[in-house]
Amino acid sequence: MYQWRKNGMNIAGATAASYTISQTTSSHAGSYSVMVSNSVGSVVSNSAQLTITAANDRPVAQILQPTTGFLYRAGDVVSFSGTANDEEDGALPASRFTWIGDFHHDTHRHDGPPVASGTKSGSFTIPTRGETSDNVWYRLYLIVTDSQGSKDTASVDIHPRKSRISLVTQPAGMKVTLDGEPLNTPLSVLSVENIERSIGAVSPQQLNGKTYAFERWLHGGTATQTFSTPIDHVTYTAVY
């Protein structure tokens with residue numbers, strides 16, 4: 001025979017080999033044991049303490065800046081800010097905030113840029129050198145944690161402003177370099193505005209059985225030069 005007990009007192013009707021509480025409330029907290037008896041006698045088990053903690057709602061994180069649709073140029077200082085509220089704690093302090101920045105290129109990601117944590121607002125700078133592909137963007141995460149360890153995460157994607165760089169030659173169809181790579185012209189690529197790129201002349205080179213030497217860029221400058229991608233579309237012409 002079984003008799004389950006709470007705080008040393010028999011629980012009415014609790015005489016099966018197991019005892020189940022279908023839905024706990026704070027009133028169920030206490031010390032539980034079971035007395036097992038037969039025709040020879042009875043023995044009481046060790047006690048097990050049941051502690052009931054209050055339900056903890058997850059906090060809610062919100063990124064205020066940058067807003068959805070914000071576009072950046074290389075070199076921009078991007079400001080960020082956020083807020084978080086919790087049903088039990090109220091407005092969470094800055095110490096409960098963690099910020100993470102990811103740089104995405106094509107189908108992979110890199111850590112960065114570095115973003116300060118333990119703050120509700122701050123800023124970071126977009127680099128002007130590095131990946132020259134236009135298939136890039138950033139994702140900023142805000143992770144908040146309440147006093148009981150529950151977390152919530154918000155994120156916003158930050159995409160670049162782009163312009164088109166076109167490369168042509170006189171005569172047409174000759175090679176130039178873009179970021180050190182020899183390429184046939186005419187050539188047109190999208191580029192993140194203000195990101196640094198380089199163009200150069202391939203000289204001498206042959207076209208249709210004739211040998212050509214580089215003479216000049218129509219816009220001026222040395223044979224090989226570095227520039228910041230302009231805000232407007234641009235065409236650079238190499239004369240041979």
# chains A, B, ... in the order shown; residues from 1 in each chain; ligands from 1
call {"tool": "select_by_dssp", "arguments": {"residues": "stretch 54-109 of chain A", "states": "strand (DSSP E or B)", "output": "MDAnalysis selection string"}}
result
chainID A and resid 60:65 71:72 77:86 90:91 97:105 108:109
call {"tool": "closest_atom_pairs", "arguments": {"of": "stretch 168-211 of chain A", "to": "stretch 134-146 of chain A", "cutoff": "8 Å", "atoms": "only C-alpha atoms", "output": "tab-separated table"}}
result
residue	atom	partner	partner_atom	distance
A:Leu190	CA	A:Asp134	CA	6.0
A:Ser191	CA	A:Asp134	CA	5.0
A:Val192	CA	A:Asp134	CA	5.6
call {"tool": "write_last_selection", "arguments": {"atoms": "all heavy atoms", "output": "PDB file, in the first residue's frame"}}
result
ATOM      1  N   LEU A 190      29.185  46.963 -60.757  1.00  0.00           N
ATOM      2  CA  LEU A 190      28.630  47.717 -59.649  1.00  0.00           C
ATOM      3  C   LEU A 190      29.628  47.723 -58.498  1.00  0.00           C
ATOM      4  O   LEU A 190      30.347  46.745 -58.284  1.00  0.00           O
ATOM      5  CB  LEU A 190      27.302  47.121 -59.187  1.00  0.00           C
ATOM      6  CG  LEU A 190      26.079  47.413 -60.040  1.00  0.00           C
ATOM      7  CD1 LEU A 190      24.882  46.624 -59.516  1.00  0.00           C
ATOM      8  CD2 LEU A 190      25.766  48.907 -60.062  1.00  0.00           C
ATOM      9  N   SER A 191      29.662  48.823 -57.754  1.00  0.00           N
ATOM     10  CA  SER A 191      30.609  48.943 -56.662  1.00  0.00           C
ATOM     11  C   SER A 191      29.958  49.714 -55.526  1.00  0.00           C
ATOM     12  O   SER A 191      29.132  50.612 -55.750  1.00  0.00           O
ATOM     13  CB  SER A 191      31.875  49.677 -57.144  1.00  0.00           C
ATOM     14  OG  SER A 191      32.850  49.746 -56.132  1.00  0.00           O
ATOM     15  N   VAL A 192      30.306  49.364 -54.285  1.00  0.00           N
ATOM     16  CA  VAL A 192      29.806  50.093 -53.126  1.00  0.00           C
ATOM     17  C   VAL A 192      30.398  51.494 -53.139  1.00  0.00           C
ATOM     18  O   VAL A 192      31.615  51.675 -53.283  1.00  0.00           O
ATOM     19  CB  VAL A 192      30.188  49.375 -51.823  1.00  0.00           C
ATOM     20  CG1 VAL A 192      29.757  50.186 -50.606  1.00  0.00           C
ATOM     21  CG2 VAL A 192      29.558  47.988 -51.784  1.00  0.00           C
TER      22      VAL A 192
END
call {"tool": "residues_around", "arguments": {"residues": "A:Gly112", "least_positions_apart": "2", "cutoff": "12 Å", "atoms": "only C-alpha atoms", "output": "list in words"}}
result
Trp99, Ile100, Gly101, Asp102, Phe103, His104, Arg109, His110, Pro114, Val115, Ala116, Phe124, Thr125, Ile126, Pro127, Trp137, Tyr138, Arg139, Leu140 and Tyr141 of chain A
call {"tool": "closest_residue", "arguments": {"among": "A:Arg129, A:His108, A:Arg58, A:Arg73", "to": "A:Arg161", "atoms": "only C-alpha atoms"}}
result
A:Arg73
call {"tool": "residues_around", "arguments": {"residues": "stretch 84-94 of chain A", "least_positions_apart": "5", "cutoff": "8 Å", "atoms": "only C-alpha atoms", "output": "ChimeraX atom specification"}}
result
/A:56-62,118-120,144,146-147
call {"tool": "write_last_selection", "arguments": {"atoms": "N, CA, C and O atoms", "output": "PDB file, in the first residue's frame"}}
result
ATOM      1  N   ASN A  56       8.393  33.369 -15.882  1.00  0.00           N
ATOM      2  CA  ASN A  56       9.221  34.488 -16.321  1.00  0.00           C
ATOM      3  C   ASN A  56       8.995  34.721 -17.808  1.00  0.00           C
ATOM      4  O   ASN A  56       9.358  33.886 -18.635  1.00  0.00           O
ATOM      5  N   ASP A  57       8.385  35.845 -18.139  1.00  0.00           N
ATOM      6  CA  ASP A  57       8.181  36.199 -19.541  1.00  0.00           C
ATOM      7  C   ASP A  57       9.500  36.642 -20.160  1.00  0.00           C
ATOM      8  O   ASP A  57      10.342  37.271 -19.505  1.00  0.00           O
ATOM      9  N   ARG A  58       9.679  36.328 -21.426  1.00  0.00           N
ATOM     10  CA  ARG A  58      10.885  36.719 -22.145  1.00  0.00           C
ATOM     11  C   ARG A  58      10.876  38.224 -22.388  1.00  0.00           C
ATOM     12  O   ARG A  58       9.824  38.805 -22.697  1.00  0.00           O
ATOM     13  N   PRO A  59      12.027  38.892 -22.287  1.00  0.00           N
ATOM     14  CA  PRO A  59      12.066  40.330 -22.591  1.00  0.00           C
ATOM     15  C   PRO A  59      11.859  40.563 -24.086  1.00  0.00           C
ATOM     16  O   PRO A  59      11.924  39.622 -24.890  1.00  0.00           O
ATOM     17  N   VAL A  60      11.611  41.799 -24.442  1.00  0.00           N
ATOM     18  CA  VAL A  60      11.400  42.164 -25.842  1.00  0.00           C
ATOM     19  C   VAL A  60      12.448  43.193 -26.239  1.00  0.00           C
ATOM     20  O   VAL A  60      12.510  44.290 -25.658  1.00  0.00           O
ATOM     21  N   ALA A  61      13.284  42.832 -27.227  1.00  0.00           N
ATOM     22  CA  ALA A  61      14.333  43.728 -27.728  1.00  0.00           C
ATOM     23  C   ALA A  61      13.837  44.468 -28.959  1.00  0.00           C
ATOM     24  O   ALA A  61      13.104  43.916 -29.787  1.00  0.00           O
ATOM     25  N   GLN A  62      14.254  45.726 -29.101  1.00  0.00           N
ATOM     26  CA  GLN A  62      13.880  46.526 -30.265  1.00  0.00           C
ATOM     27  C   GLN A  62      15.052  47.404 -30.678  1.00  0.00           C
ATOM     28  O   GLN A  62      15.622  48.116 -29.846  1.00  0.00           O
ATOM     29  N   GLY A 118      27.009  46.434 -23.652  1.00  0.00           N
ATOM     30  CA  GLY A 118      26.802  47.106 -22.380  1.00  0.00           C
ATOM     31  C   GLY A 118      26.388  48.551 -22.552  1.00  0.00           C
ATOM     32  O   GLY A 118      26.633  49.395 -21.685  1.00  0.00           O
ATOM     33  N   THR A 119      25.751  48.837 -23.681  1.00  0.00           N
ATOM     34  CA  THR A 119      25.309  50.194 -23.965  1.00  0.00           C
ATOM     35  C   THR A 119      24.009  50.135 -24.760  1.00  0.00           C
ATOM     36  O   THR A 119      23.752  49.164 -25.468  1.00  0.00           O
ATOM     37  N   LYS A 120      23.209  51.180 -24.641  1.00  0.00           N
ATOM     38  CA  LYS A 120      21.954  51.242 -25.406  1.00  0.00           C
ATOM     39  C   LYS A 120      22.144  51.939 -26.747  1.00  0.00           C
ATOM     40  O   LYS A 120      21.255  51.880 -27.597  1.00  0.00           O
ATOM     41  N   VAL A 144      19.232  40.940 -25.651  1.00  0.00           N
ATOM     42  CA  VAL A 144      18.985  41.447 -24.296  1.00  0.00           C
ATOM     43  C   VAL A 144      18.667  40.274 -23.374  1.00  0.00           C
ATOM     44  O   VAL A 144      18.087  39.279 -23.801  1.00  0.00           O
ATOM     45  N   ASP A 146      17.171  39.269 -19.389  1.00  0.00           N
ATOM     46  CA  ASP A 146      16.541  39.768 -18.165  1.00  0.00           C
ATOM     47  C   ASP A 146      17.231  39.192 -16.936  1.00  0.00           C
ATOM     48  O   ASP A 146      18.188  38.411 -17.035  1.00  0.00           O
ATOM     49  N   SER A 147      16.773  39.568 -15.765  1.00  0.00           N
ATOM     50  CA  SER A 147      17.433  39.192 -14.512  1.00  0.00           C
ATOM     51  C   SER A 147      17.382  37.699 -14.233  1.00  0.00           C
ATOM     52  O   SER A 147      18.164  37.182 -13.434  1.00  0.00           O
TER      53      SER A 147
END
call {"tool": "select_by_dssp", "arguments": {"residues": "stretch 4-188 of chain A", "states": "helix (DSSP H, G or I)", "output": "list in words"}}
result
Ser26, Ser27, His28, Ala94, Ser95 and Arg96 of chain A
call {"tool": "residues_around", "arguments": {"residues": "A:Gln65", "least_positions_apart": "6", "cutoff": "9 Å", "atoms": "only C-alpha atoms", "output": "ChimeraX atom specification"}}
result
/A:78-82,121,156
call {"tool": "write_last_selection", "arguments": {"atoms": "C-alpha atoms", "output": "compact mmCIF listing (two decimals), in the first residue's frame"}}
result
# COMPACT_ATOMS: atom_id res chain seq x y z
CA VAL A 78 26.57 54.23 -38.53
CA SER A 79 24.73 55.11 -35.32
CA PHE A 80 22.81 52.40 -33.48
CA SER A 81 20.42 52.40 -30.54
CA GLY A 82 17.91 50.06 -28.97
CA SER A 121 23.51 53.30 -28.21
CA VAL A 156 18.41 44.78 -38.77
call {"tool": "closest_residue", "arguments": {"among": "A:Ser22, A:Thr222, A:Thr235, A:Gln205", "to": "A:Leu187", "atoms": "only C-alpha atoms"}}
result
A:Thr235
call {"tool": "residues_around", "arguments": {"residues": "stretch 5-19 of chain A", "least_positions_apart": "2", "cutoff": "7 Å", "atoms": "only C-alpha atoms", "output": "number ranges by chain"}}
result
A: 1-3, 21, 30-34
call {"tool": "write_last_selection", "arguments": {"atoms": "all heavy atoms", "output": "PDB file, in the first residue's frame"}}
result
ATOM      1  N   MET A   1       0.849  -1.190   0.000  1.00  0.00           N
ATOM      2  CA  MET A   1       0.000   0.000   0.000  1.00  0.00           C
ATOM      3  C   MET A   1       0.889   1.247   0.000  1.00  0.00           C
ATOM      4  O   MET A   1       1.953   1.266   0.627  1.00  0.00           O
ATOM      5  CB  MET A   1      -0.915   0.007   1.228  1.00  0.00           C
ATOM      6  CG  MET A   1      -1.787   1.228   1.349  1.00  0.00           C
ATOM      7  SD  MET A   1      -2.863   1.155   2.802  1.00  0.00           S
ATOM      8  CE  MET A   1      -3.610   2.773   2.687  1.00  0.00           C
ATOM      9  N   TYR A   2       0.452   2.252  -0.737  1.00  0.00           N
ATOM     10  CA  TYR A   2       1.205   3.499  -0.826  1.00  0.00           C
ATOM     11  C   TYR A   2       0.373   4.637  -0.238  1.00  0.00           C
ATOM     12  O   TYR A   2      -0.858   4.691  -0.413  1.00  0.00           O
ATOM     13  CB  TYR A   2       1.540   3.835  -2.282  1.00  0.00           C
ATOM     14  CG  TYR A   2       2.380   2.783  -2.971  1.00  0.00           C
ATOM     15  CD1 TYR A   2       1.770   1.731  -3.658  1.00  0.00           C
ATOM     16  CD2 TYR A   2       3.770   2.852  -2.923  1.00  0.00           C
ATOM     17  CE1 TYR A   2       2.535   0.764  -4.291  1.00  0.00           C
ATOM     18  CE2 TYR A   2       4.538   1.885  -3.556  1.00  0.00           C
ATOM     19  CZ  TYR A   2       3.928   0.850  -4.241  1.00  0.00           C
ATOM     20  OH  TYR A   2       4.678  -0.110  -4.868  1.00  0.00           O
ATOM     21  N   GLN A   3       1.058   5.556   0.391  1.00  0.00           N
ATOM     22  CA  GLN A   3       0.404   6.778   0.856  1.00  0.00           C
ATOM     23  C   GLN A   3       1.389   7.941   0.692  1.00  0.00           C
ATOM     24  O   GLN A   3       2.411   8.016   1.358  1.00  0.00           O
ATOM     25  CB  GLN A   3      -0.013   6.675   2.319  1.00  0.00           C
ATOM     26  CG  GLN A   3      -0.629   7.952   2.885  1.00  0.00           C
ATOM     27  CD  GLN A   3      -1.877   8.396   2.117  1.00  0.00           C
ATOM     28  OE1 GLN A   3      -2.865   7.657   2.081  1.00  0.00           O
ATOM     29  NE2 GLN A   3      -1.828   9.575   1.488  1.00  0.00           N
ATOM     30  N   ILE A  21       1.020  15.658 -10.216  1.00  0.00           N
ATOM     31  CA  ILE A  21       0.326  16.950 -10.126  1.00  0.00           C
ATOM     32  C   ILE A  21       0.187  17.465 -11.547  1.00  0.00           C
ATOM     33  O   ILE A  21       1.192  17.740 -12.223  1.00  0.00           O
ATOM     34  CB  ILE A  21       1.118  17.949  -9.272  1.00  0.00           C
ATOM     35  CG1 ILE A  21       1.343  17.403  -7.862  1.00  0.00           C
ATOM     36  CG2 ILE A  21       0.407  19.299  -9.211  1.00  0.00           C
ATOM     37  CD1 ILE A  21       2.266  18.248  -7.003  1.00  0.00           C
ATOM     38  N   GLY A  30       6.486  22.308  -1.460  1.00  0.00           N
ATOM     39  CA  GLY A  30       6.585  21.626  -0.173  1.00  0.00           C
ATOM     40  C   GLY A  30       7.484  20.418  -0.239  1.00  0.00           C
ATOM     41  O   GLY A  30       8.149  20.160  -1.249  1.00  0.00           O
ATOM     42  N   SER A  31       7.499  19.648   0.871  1.00  0.00           N
ATOM     43  CA  SER A  31       8.329  18.457   0.995  1.00  0.00           C
ATOM     44  C   SER A  31       7.455  17.220   0.811  1.00  0.00           C
ATOM     45  O   SER A  31       6.479  17.025   1.543  1.00  0.00           O
ATOM     46  CB  SER A  31       9.005  18.438   2.367  1.00  0.00           C
ATOM     47  OG  SER A  31       9.763  17.273   2.538  1.00  0.00           O
ATOM     48  N   TYR A  32       7.788  16.377  -0.165  1.00  0.00           N
ATOM     49  CA  TYR A  32       6.965  15.218  -0.513  1.00  0.00           C
ATOM     50  C   TYR A  32       7.706  13.916  -0.161  1.00  0.00           C
ATOM     51  O   TYR A  32       8.929  13.809  -0.329  1.00  0.00           O
ATOM     52  CB  TYR A  32       6.623  15.216  -2.000  1.00  0.00           C
ATOM     53  CG  TYR A  32       5.612  16.274  -2.382  1.00  0.00           C
ATOM     54  CD1 TYR A  32       6.012  17.593  -2.590  1.00  0.00           C
ATOM     55  CD2 TYR A  32       4.266  15.951  -2.519  1.00  0.00           C
ATOM     56  CE1 TYR A  32       5.082  18.575  -2.934  1.00  0.00           C
ATOM     57  CE2 TYR A  32       3.335  16.913  -2.856  1.00  0.00           C
ATOM     58  CZ  TYR A  32       3.747  18.227  -3.061  1.00  0.00           C
ATOM     59  OH  TYR A  32       2.822  19.181  -3.395  1.00  0.00           O
ATOM     60  N   SER A  33       6.912  12.966   0.338  1.00  0.00           N
ATOM     61  CA  SER A  33       7.444  11.634   0.638  1.00  0.00           C
ATOM     62  C   SER A  33       6.333  10.619   0.424  1.00  0.00           C
ATOM     63  O   SER A  33       5.173  10.981   0.198  1.00  0.00           O
ATOM     64  CB  SER A  33       7.964  11.566   2.086  1.00  0.00           C
ATOM     65  OG  SER A  33       6.900  11.811   3.000  1.00  0.00           O
ATOM     66  N   VAL A  34       6.698   9.337   0.478  1.00  0.00           N
ATOM     67  CA  VAL A  34       5.701   8.291   0.333  1.00  0.00           C
ATOM     68  C   VAL A  34       5.937   7.235   1.419  1.00  0.00           C
ATOM     69  O   VAL A  34       7.077   6.883   1.730  1.00  0.00           O
ATOM     70  CB  VAL A  34       5.746   7.644  -1.067  1.00  0.00           C
ATOM     71  CG1 VAL A  34       7.083   6.985  -1.343  1.00  0.00           C
ATOM     72  CG2 VAL A  34       4.604   6.632  -1.238  1.00  0.00           C
TER      73      VAL A  34
END
